[in-house]
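Engineer: My structure is stored as entry18.cif, with mmCIF, C-alpha atoms and all ligand atoms.
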```
data_coords
#
loop_
_atom_site.label_atom_id
_atom_site.label_comp_id
_atom_site.auth_asym_id
_atom_site.auth_seq_id
_atom_site.Cartn_x
_atom_site.Cartn_y
_atom_site.Cartn_z
CA MET Z 1 -200.66 -29.95 75.01
CA VAL Z 2 -197.17 -28.47 74.83
CA THR Z 3 -195.50 -28.78 71.45
CA THR Z 4 -191.85 -29.74 71.21
CA ARG Z 5 -189.73 -28.10 68.55
CA PRO Z 6 -186.09 -27.78 67.50
CA ALA Z 7 -183.99 -26.44 70.36
CA LEU Z 8 -182.72 -22.88 70.31
CA SER Z 9 -179.10 -22.64 69.25
CA PRO Z 10 -176.78 -20.01 67.77
CA GLU Z 11 -176.59 -22.03 64.53
CA THR Z 12 -180.36 -22.17 64.05
CA ALA Z 13 -181.27 -18.81 65.61
CA SER Z 14 -182.70 -17.47 62.36
CA ASP Z 15 -185.44 -20.11 62.62
CA THR Z 16 -185.69 -20.97 66.29
CA LEU Z 17 -185.28 -17.63 68.08
CA GLN Z 18 -188.77 -16.33 67.52
CA GLU Z 19 -189.32 -14.05 70.50
CA LEU Z 20 -187.25 -11.68 72.59
CA TRP Z 21 -188.83 -10.20 75.70
CA VAL Z 22 -187.37 -6.80 76.57
CA PHE Z 23 -187.79 -5.05 79.92
CA PRO Z 24 -187.13 -1.30 79.33
CA ILE Z 25 -187.27 -0.76 83.10
CA ALA Z 26 -186.92 -3.14 86.01
CA PRO Z 27 -189.83 -5.58 86.34
CA GLU Z 28 -190.81 -4.35 89.79
CA VAL Z 29 -191.21 -0.70 88.69
CA CYS Z 30 -194.80 0.25 87.92
CA ASN Z 31 -197.33 3.02 88.43
CA LEU Z 32 -199.76 0.42 89.81
CA ALA Z 33 -199.57 -2.30 92.46
CA CYS Z 34 -201.77 -5.09 91.12
CA THR Z 35 -202.68 -7.81 93.57
CA HIS Z 36 -201.53 -10.59 91.23
CA CYS Z 37 -198.24 -9.11 89.98
CA LEU Z 38 -195.55 -11.77 89.83
CA TYR Z 39 -192.86 -9.12 90.45
CA ALA Z 40 -194.82 -7.42 93.28
CA ALA Z 41 -194.34 -4.23 91.29
CA SER Z 42 -195.54 -0.92 92.68
CA PRO Z 43 -194.79 2.82 92.63
CA GLN Z 44 -192.96 2.34 95.92
CA ARG Z 45 -190.41 -0.11 94.50
CA LYS Z 46 -187.21 1.68 93.55
CA ASN Z 47 -184.82 0.44 90.88
CA SER Z 48 -182.86 2.84 88.73
CA TYR Z 49 -182.23 0.38 85.88
CA ARG Z 50 -183.12 1.82 82.48
CA LEU Z 51 -182.53 0.25 79.09
CA THR Z 52 -180.43 2.64 76.99
CA GLU Z 53 -180.31 3.29 73.25
CA ASP Z 54 -176.82 1.76 73.30
CA ASP Z 55 -178.15 -1.38 75.01
CA LEU Z 56 -180.77 -1.73 72.32
CA THR Z 57 -178.29 -1.07 69.53
CA ASP Z 58 -176.03 -3.75 71.00
CA LEU Z 59 -178.97 -6.13 71.13
CA PHE Z 60 -179.72 -5.57 67.46
CA THR Z 61 -176.04 -6.03 66.59
CA GLN Z 62 -176.05 -9.37 68.38
CA LEU Z 63 -179.20 -10.46 66.59
CA ALA Z 64 -177.77 -9.47 63.23
CA ALA Z 65 -174.65 -11.53 63.93
CA LEU Z 66 -176.88 -14.52 64.62
CA GLY Z 67 -179.05 -13.82 61.57
CA ALA Z 68 -182.09 -13.70 63.85
CA THR Z 69 -185.07 -11.35 63.66
CA PRO Z 70 -187.23 -12.32 66.62
CA HIS Z 71 -190.48 -10.59 67.43
CA LEU Z 72 -189.81 -8.15 70.30
CA LEU Z 73 -192.13 -7.99 73.30
CA PHE Z 74 -191.66 -4.80 75.34
CA THR Z 75 -192.95 -5.51 78.81
CA GLY Z 76 -192.50 -4.67 82.47
CA GLY Z 77 -193.28 -3.42 85.10
CA GLU Z 78 -194.96 -0.67 83.16
CA PRO Z 79 -192.78 -0.07 80.09
CA THR Z 80 -194.41 3.26 79.25
CA LEU Z 81 -192.64 4.70 82.31
CA HIS Z 82 -189.42 4.65 80.29
CA PRO Z 83 -189.01 8.13 78.79
CA ALA Z 84 -187.34 6.79 75.63
CA LEU Z 85 -189.75 3.95 74.92
CA TYR Z 86 -191.01 5.46 71.67
CA ASP Z 87 -187.41 5.98 70.53
CA PHE Z 88 -186.88 2.26 71.06
CA PHE Z 89 -189.93 1.58 68.93
CA GLU Z 90 -188.57 3.85 66.21
CA GLN Z 91 -185.31 1.94 66.24
CA ALA Z 92 -187.16 -1.38 65.92
CA GLU Z 93 -189.14 0.15 63.05
CA ARG Z 94 -186.02 1.31 61.22
CA ARG Z 95 -184.46 -2.12 61.55
CA GLY Z 96 -187.60 -3.93 60.40
CA TYR Z 97 -188.35 -5.83 63.61
CA THR Z 98 -191.94 -6.55 64.54
CA PHE Z 99 -192.83 -5.82 68.14
CA GLN Z 100 -195.60 -5.50 70.70
CA LEU Z 101 -196.21 -3.55 73.87
CA HIS Z 102 -197.58 -4.94 77.13
CA THR Z 103 -199.13 -2.27 79.32
CA ASN Z 104 -201.70 -1.70 82.01
CA GLY Z 105 -203.11 0.96 79.69
CA THR Z 106 -203.40 3.72 82.26
CA ARG Z 107 -200.78 5.88 80.53
CA ILE Z 108 -202.22 5.45 77.02
CA HIS Z 109 -204.16 8.57 76.08
CA ALA Z 110 -205.11 9.93 72.67
CA GLU Z 111 -201.60 11.24 71.97
CA GLU Z 112 -199.89 7.94 72.81
CA ALA Z 113 -202.49 5.97 70.86
CA ALA Z 114 -201.87 8.19 67.83
CA ARG Z 115 -198.11 7.63 68.09
CA LEU Z 116 -198.59 3.90 68.35
CA ALA Z 117 -200.92 3.93 65.35
CA ARG Z 118 -198.10 5.38 63.23
CA LEU Z 119 -195.84 2.33 63.82
CA PRO Z 120 -196.44 -0.28 61.11
CA HIS Z 121 -194.25 -2.90 62.78
CA LEU Z 122 -196.26 -2.70 66.01
CA LYS Z 123 -198.28 -5.91 65.85
CA LYS Z 124 -200.32 -5.47 69.01
CA VAL Z 125 -200.77 -3.63 72.26
CA GLN Z 126 -201.59 -6.03 75.07
CA VAL Z 127 -203.66 -4.38 77.79
CA SER Z 128 -204.43 -6.00 81.14
CA LEU Z 129 -208.12 -6.10 81.99
CA GLU Z 130 -208.98 -8.21 85.00
CA GLY Z 131 -212.74 -8.01 84.87
CA PRO Z 132 -215.65 -6.76 82.75
CA THR Z 133 -216.85 -4.42 85.50
CA PRO Z 134 -215.21 -1.77 87.71
CA ALA Z 135 -215.75 -3.98 90.75
CA LEU Z 136 -213.88 -6.97 89.34
CA HIS Z 137 -211.14 -5.05 87.55
CA ASP Z 138 -210.40 -2.54 90.26
CA GLN Z 139 -210.08 -5.13 93.04
CA VAL Z 140 -206.99 -6.40 91.18
CA MET Z 141 -205.59 -3.26 89.53
CA GLY Z 142 -206.66 -0.48 91.89
CA ALA Z 143 -209.58 1.82 92.55
CA GLY Z 144 -210.93 3.79 89.61
CA LEU Z 145 -208.76 2.13 86.98
CA TYR Z 146 -211.42 0.27 85.00
CA GLN Z 147 -212.48 3.41 83.16
CA ARG Z 148 -208.89 4.40 82.40
CA THR Z 149 -208.12 0.95 81.00
CA LEU Z 150 -211.23 0.96 78.81
CA ARG Z 151 -210.36 4.47 77.62
CA ALA Z 152 -206.96 3.19 76.48
CA ILE Z 153 -208.51 0.26 74.64
CA ASP Z 154 -210.97 2.61 72.93
CA GLU Z 155 -208.28 5.14 71.99
CA LEU Z 156 -206.24 2.36 70.41
CA ARG Z 157 -209.07 0.58 68.66
CA SER Z 158 -210.47 3.84 67.26
CA ARG Z 159 -207.13 4.17 65.43
CA ASP Z 160 -207.13 0.52 64.32
CA VAL Z 161 -204.24 -0.43 66.59
CA PRO Z 162 -204.54 -4.20 67.20
CA VAL Z 163 -205.32 -4.79 70.88
CA THR Z 164 -205.11 -7.95 72.93
CA ILE Z 165 -206.93 -7.95 76.23
CA ALA Z 166 -205.00 -10.01 78.79
CA VAL Z 167 -206.90 -11.51 81.69
CA THR Z 168 -205.56 -13.70 84.48
CA PRO Z 169 -208.38 -16.06 85.47
CA MET Z 170 -208.49 -16.28 89.24
CA GLU Z 171 -211.04 -17.36 91.81
CA SER Z 172 -211.70 -13.70 92.45
CA ASN Z 173 -212.61 -12.72 88.86
CA GLN Z 174 -213.73 -15.96 87.25
CA GLU Z 175 -217.39 -15.01 87.54
CA GLY Z 176 -216.78 -12.31 84.93
CA PHE Z 177 -214.97 -14.42 82.37
CA THR Z 178 -217.87 -14.90 79.94
CA GLU Z 179 -218.59 -11.18 80.08
CA ILE Z 180 -214.98 -10.29 79.44
CA GLU Z 181 -215.00 -12.53 76.37
CA GLN Z 182 -218.05 -10.59 75.17
CA LEU Z 183 -216.41 -7.25 75.94
CA ALA Z 184 -213.32 -8.24 73.95
CA ARG Z 185 -215.51 -9.14 70.97
CA GLU Z 186 -217.31 -5.81 71.20
CA LYS Z 187 -214.01 -3.93 71.25
CA GLY Z 188 -212.62 -5.90 68.33
CA ALA Z 189 -209.82 -7.18 70.56
CA GLU Z 190 -208.22 -10.58 70.90
CA LEU Z 191 -208.48 -12.14 74.38
CA VAL Z 192 -205.57 -13.98 75.94
CA ARG Z 193 -205.54 -15.79 79.27
CA ILE Z 194 -202.48 -15.30 81.44
CA LEU Z 195 -201.41 -18.00 83.85
CA LEU Z 196 -201.41 -17.17 87.55
CA TYR Z 197 -198.00 -17.92 89.07
CA ASP Z 198 -197.40 -18.34 92.78
CA LEU Z 199 -194.97 -15.43 92.87
CA GLY Z 200 -194.69 -11.89 94.19
CA ALA Z 201 -197.93 -10.16 95.09
CA ALA Z 202 -200.01 -13.18 94.07
CA THR Z 203 -198.32 -15.19 96.79
CA ALA Z 204 -198.54 -12.38 99.34
CA ASN Z 205 -202.25 -11.96 98.63
CA GLY Z 206 -202.99 -15.69 98.64
CA LEU Z 207 -204.53 -15.60 95.16
CA LYS Z 208 -205.77 -18.84 93.68
CA PRO Z 209 -206.25 -19.75 90.02
CA ALA Z 210 -209.74 -19.93 88.59
CA THR Z 211 -211.56 -23.21 89.00
CA THR Z 212 -214.31 -22.66 86.43
CA VAL Z 213 -212.38 -21.18 83.50
CA PRO Z 214 -210.91 -23.89 81.28
CA PRO Z 215 -207.23 -23.54 80.45
CA GLN Z 216 -206.32 -21.97 77.14
CA ARG Z 217 -205.07 -24.89 75.12
CA GLY Z 218 -204.00 -24.93 71.53
CA LYS Z 219 -202.50 -27.71 69.55
CA ASP Z 220 -199.56 -25.46 68.69
CA MET Z 221 -198.91 -24.14 72.20
CA ILE Z 222 -195.18 -23.55 72.60
CA LEU Z 223 -193.55 -22.60 75.89
CA MET Z 224 -191.95 -19.16 75.96
CA CYS Z 225 -188.59 -20.67 76.87
CA ASP Z 226 -188.68 -22.95 73.82
CA LYS Z 227 -189.04 -20.12 71.33
CA GLY Z 228 -187.24 -17.16 72.90
CA VAL Z 229 -185.38 -15.51 75.72
CA ALA Z 230 -185.95 -12.53 78.02
CA TYR Z 231 -183.60 -9.59 78.54
CA SER Z 232 -183.80 -7.66 81.79
CA GLU Z 233 -181.33 -5.51 83.72
CA GLY Z 234 -178.42 -6.49 81.49
CA GLN Z 235 -178.92 -10.23 81.66
CA TYR Z 236 -180.75 -12.96 79.80
CA PHE Z 237 -183.28 -15.38 81.22
CA PRO Z 238 -185.35 -18.28 79.87
CA CYS Z 239 -188.59 -16.29 79.95
CA PRO Z 240 -190.22 -13.21 81.51
CA ILE Z 241 -191.55 -15.20 84.46
CA LEU Z 242 -188.08 -15.87 85.87
CA VAL Z 243 -186.36 -12.51 85.35
CA LYS Z 244 -186.07 -11.82 89.09
CA ASP Z 245 -184.65 -15.28 89.81
CA PRO Z 246 -180.82 -15.20 90.12
CA GLU Z 247 -180.71 -18.98 89.61
CA SER Z 248 -182.18 -18.53 86.13
CA ILE Z 249 -179.61 -16.15 84.66
CA LEU Z 250 -178.41 -17.57 81.34
CA GLY Z 251 -175.69 -15.01 80.59
CA THR Z 252 -175.07 -11.54 79.31
CA SER Z 253 -175.53 -12.08 75.58
CA VAL Z 254 -178.11 -13.61 73.28
CA ARG Z 255 -175.50 -16.13 72.16
CA ASP Z 256 -174.93 -17.16 75.80
CA ALA Z 257 -178.65 -17.55 76.35
CA ILE Z 258 -179.20 -19.90 73.41
CA SER Z 259 -175.94 -21.84 73.73
CA PRO Z 260 -176.13 -25.61 74.28
CA ALA Z 261 -174.97 -25.11 77.89
CA ALA Z 262 -177.75 -22.59 78.53
CA ARG Z 263 -180.33 -24.86 76.95
CA GLU Z 264 -179.22 -27.65 79.26
CA ARG Z 265 -179.70 -25.21 82.15
CA VAL Z 266 -183.22 -24.42 80.92
CA ARG Z 267 -184.05 -28.13 80.78
CA GLU Z 268 -182.84 -28.46 84.36
CA ILE Z 269 -184.80 -25.36 85.44
CA LYS Z 270 -187.95 -26.75 83.84
CA SER Z 271 -187.57 -30.00 85.75
CA ARG Z 272 -187.61 -28.41 89.19
CA LYS Z 273 -189.14 -24.91 89.29
CA SER Z 274 -192.71 -24.64 90.52
CA GLU Z 275 -193.27 -21.82 87.99
CA CYS Z 276 -192.36 -24.22 85.20
CA ALA Z 277 -194.82 -26.76 86.57
CA VAL Z 278 -197.56 -24.14 86.04
CA CYS Z 279 -196.50 -23.66 82.42
CA LEU Z 280 -196.16 -27.37 81.76
CA LYS Z 281 -199.55 -28.05 83.23
CA GLY Z 282 -200.77 -25.34 80.89
CA SER Z 283 -203.62 -24.43 83.15
CA THR Z 284 -204.43 -21.59 85.41
S1 LIG Z 301 -191.58 -20.58 83.79
FE1 LIG Z 301 -190.31 -22.36 83.17
S2 LIG Z 301 -191.55 -23.59 81.72
FE2 LIG Z 301 -192.49 -21.53 81.94
S3 LIG Z 301 -191.64 -20.42 80.20
FE3 LIG Z 301 -190.34 -19.96 82.01
S4 LIG Z 301 -188.67 -21.52 81.94
FE4 LIG Z 301 -190.29 -22.20 80.54
#
```
Re-express the file's structure as C-alpha cells.

Structural biologist:
Amino acid sequence: MVTTRPALSPETASDTLQELWVFPIAPEVCNLACTHCLYAASPQRKNSYRLTEDDLTDLFTQLAALGATPHLLFTGGEPTLHPALYDFFEQAERRGYTFQLHTNGTRIHAEEAARLARLPHLKKVQVSLEGPTPALHDQVMGAGLYQRTLRAIDELRSRDVPVTIAVTPMESNQEGFTEIEQLAREKGAELVRILLYDLGAATANGLKPATTVPPQRGKDMILMCDKGVAYSEGQYFPCPILVKDPESILGTSVRDAISPAARERVREIKSRKSECAVCLKGST
C-alpha cells in the first residue's frame, strides 16, 4: 500500500524533502549494457554531461536556503565513471549530508572500498546483483561479471561498509530469488527489489516482470516522487525513473521542483504515465 504524506513544498522542505537523487553523469552512460536498463545505458552511448563541483555547491546553497538536508542518492548510469565522484562525497561529508551510492560494482576494488569505508556519512552502497549464480546474473549484466560484482560486495563488507543488494525480479531470474535472499544474508547485506519498468533496454529486450516473486510491500512505502526529486543534466524531475522524459522536467532549481505548480504537474504525470502505474501498483 502506498502511503500518502504532506506534499513537498518550499515552506515545508526541511521536513518533506527527504531524498535528492543526483546523476553525476548522464543516465545513459555506463561501462555495462544491462538487458533491463531503463535508460538503455551502454559504453557506446555518448553524452558529455558531467556534474561539476560548482553544480554541487549550487545545489547545497539551494538546499541551505530551503533549510533542507535531504539524503543524497548518487546514481546513474554508472556514477563511478565520474572522475570527481569522491570529491563530491567529500563535499557532502563536509556539509553533513548523508548519502548513498548506486553502482554495478564492477569498478569497486580494494582501493575504492577503502575510500568508501572512510566516509562516515555514506549510509550504503547499493550494488546490482541479478542472480545468485553466474548464469543468471551474467545474462542480464554481461558475461563474466558475476565474480566482479561479488568481489565488490566482499571488498565493501570486509570493511564494514553497509551494502544493499538490488535485484530486479524478472521472469528470466525469478528462479534464483530464494537463493539471492540467502546470498544477501550470508554477505550481511540488505536486499531490495527493484521494479521492472517498460523502458529502454527492458522494452527492447521484451523483458517481463517476475510472476512468482511477491511484490515488496511495506506499510510505510512512500513513492520516490512524494519524498524527493531527481537532478540530472541541469534539470529537476519527479524521480530517477523519468529523468530522460522531457515531459517530466520540473524546472532548473530545487525550489521550482517542489513548488505548488510542479507538484500539480507531478499529480498529473502520475495520473497518466505507464511508469507511474508500475509504481502505484507497487508490484514487479
Ligand atoms: S514513475 Fe511516477 S509514480 Fe513512480 S516515482 Fe516516478 S513520478 Fe512517482

Engineer: Write out as a list in words which residues come within 7 Å of Ala13 (chain Z) when counting all atoms listed in the file, dropping same-chain ones fewer than 3 positions away.

Structural biologist: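 Residues near the query, excluding close chain neighbours: Leu8, Ser9, Pro10, Thr16, Leu17, Leu66, Gly67 and Ala68 of chain Z.
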
Engineer: Give one line per residue of chain Z that approaches ligand LIG 301 (chain Z) to at most 9 Å, naming the two atoms of the closest pair and their distance in Å to one decimal, counting only C-alpha atoms and all ligand atoms; sort by chain then ascending residue number and deliver it as CSV.

Structural biologist:
```
residue,atom,partner,partner_atom,distance
Z:Tyr197,CA,Z:LIG301,S1,8.7
Z:Ile222,CA,Z:LIG301,S3,8.9
Z:Leu223,CA,Z:LIG301,S3,5.2
Z:Met224,CA,Z:LIG301,S3,4.4
Z:Cys225,CA,Z:LIG301,FE4,4.3
Z:Asp226,CA,Z:LIG301,FE4,7.0
Z:Phe237,CA,Z:LIG301,S4,8.2
Z:Pro238,CA,Z:LIG301,S4,5.1
Z:Cys239,CA,Z:LIG301,FE3,4.6
Z:Pro240,CA,Z:LIG301,FE3,6.8
Z:Ile241,CA,Z:LIG301,S1,5.4
Z:Leu242,CA,Z:LIG301,FE3,6.1
Z:Ser248,CA,Z:LIG301,S4,8.3
Z:Val266,CA,Z:LIG301,S4,6.3
Z:Arg267,CA,Z:LIG301,S4,8.1
Z:Ile269,CA,Z:LIG301,S4,6.5
Z:Lys270,CA,Z:LIG301,FE1,5.0
Z:Ser271,CA,Z:LIG301,FE1,8.5
Z:Arg272,CA,Z:LIG301,FE1,9.0
Z:Lys273,CA,Z:LIG301,FE1,6.7
Z:Ser274,CA,Z:LIG301,S1,7.9
Z:Glu275,CA,Z:LIG301,S1,4.7
Z:Cys276,CA,Z:LIG301,FE1,3.4
Z:Ala277,CA,Z:LIG301,S2,6.7
Z:Val278,CA,Z:LIG301,FE2,7.0
Z:Cys279,CA,Z:LIG301,FE2,4.6
Z:Leu280,CA,Z:LIG301,S2,6.0
```

Engineer: Within 10 Å of (-201.4, -3.7, 70.0), in the coordinates the file gives, what residues turn up when you count all atoms listed in the file, written out as a PyMOL selection string?

Structural biologist: chain Z and resi 99-103+113+116-117+122-127+153+156-157+160-165+189-190

Engineer: Could you tell me how far CA of Leu129 (chain Z) sits from CA of Ala166 (chain Z), in Å to one decimal place?

Structural biologist: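 Straight-line distance from CA of Ala166 (chain Z) to CA of Leu129 (chain Z) works out to 5.9 Å.
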
Engineer: Grab the CA of Ala262 (chain Z) to CA of His71 (chain Z) distance for me, in Å with one decimal place.

Structural biologist: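 That distance, rounded to one decimal, is 20.7 Å.
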
Engineer: Give me the residues near Tyr39 (chain Z) as a list of chain:residue names, where near means some atom within 8 Å (using only C-alpha atoms) and where sequence neighbours in that chain fewer than 3 positions away do not count.

Structural biologist: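 The filter keeps Z:Pro27, Z:Glu28, Z:Gly77, Z:Leu199, Z:Gly200, Z:Ala201, Z:Lys244.
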
Engineer: Near region 51-65 of chain Z, within 8 Å and counting all atoms listed in the file, which residues show up once chain neighbours fewer than 2 positions away are dropped, as a compact mmCIF listing (two decimals) with C-alpha atoms, keeping the file's coordinate frame?

Structural biologist:
```txt
# COMPACT_ATOMS: atom_id res chain seq x y z
CA PHE Z 23 -187.79 -5.05 79.92
CA PRO Z 24 -187.13 -1.30 79.33
CA ILE Z 25 -187.27 -0.76 83.10
CA TYR Z 49 -182.23 0.38 85.88
CA GLY Z 67 -179.05 -13.82 61.57
CA ALA Z 68 -182.09 -13.70 63.85
CA THR Z 69 -185.07 -11.35 63.66
CA PHE Z 88 -186.88 2.26 71.06
CA GLU Z 233 -181.33 -5.51 83.72
CA SER Z 253 -175.53 -12.08 75.58
CA VAL Z 254 -178.11 -13.61 73.28
CA ARG Z 255 -175.50 -16.13 72.16
```

Engineer: Taking only C-alpha atoms into account, which of Z:Gly142, Z:Pro132, Z:Gly234, Z:Pro120 comes nearest Asn173 (chain Z)?

Structural biologist: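 Comparing Z:Gly142, Z:Pro132, Z:Gly234, Z:Pro120 against Asn173 (chain Z), the winner is Z:Pro132.
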
Engineer: Quick one, how far is CA of Lys281 (chain Z) from CA of Leu20 (chain Z)?

Structural biologist: 23.1 Å

Engineer: Hey, can I get the axis-aligned box for region 168-174 of chain Z? All listed atoms, 3 Å padding on each side, centre and edge lengths in Å to one decimal, as lines of an AutoDock Vina configuration file.

Structural biologist:
```
center_x = -209.6
center_y = -15.0
center_z = 88.5
size_x = 14.2
size_y = 10.6
size_z = 14.0
```

Engineer: Fewer than 5 positions away in the same chain doesn't count, so skip those; otherwise give me all residues within 10 Å of region 146-149 of chain Z, counting only C-alpha atoms, as a count of residues only.

Structural biologist: 23

Engineer: Measuring between all atoms listed in the file, which one of Z:Thr252, Z:Val29, Z:Ser259, Z:Arg5 shows the shortest distance to Pro79 (chain Z)?

Structural biologist: Z:Val29

Engineer: Choose the residue, out of Z:Asp15, Z:Glu247, Z:Glu175, Z:Glu78, that has the smallest atom-to-atom separation from Glu268 (chain Z); count only C-alpha atoms.

Structural biologist: Z:Glu247
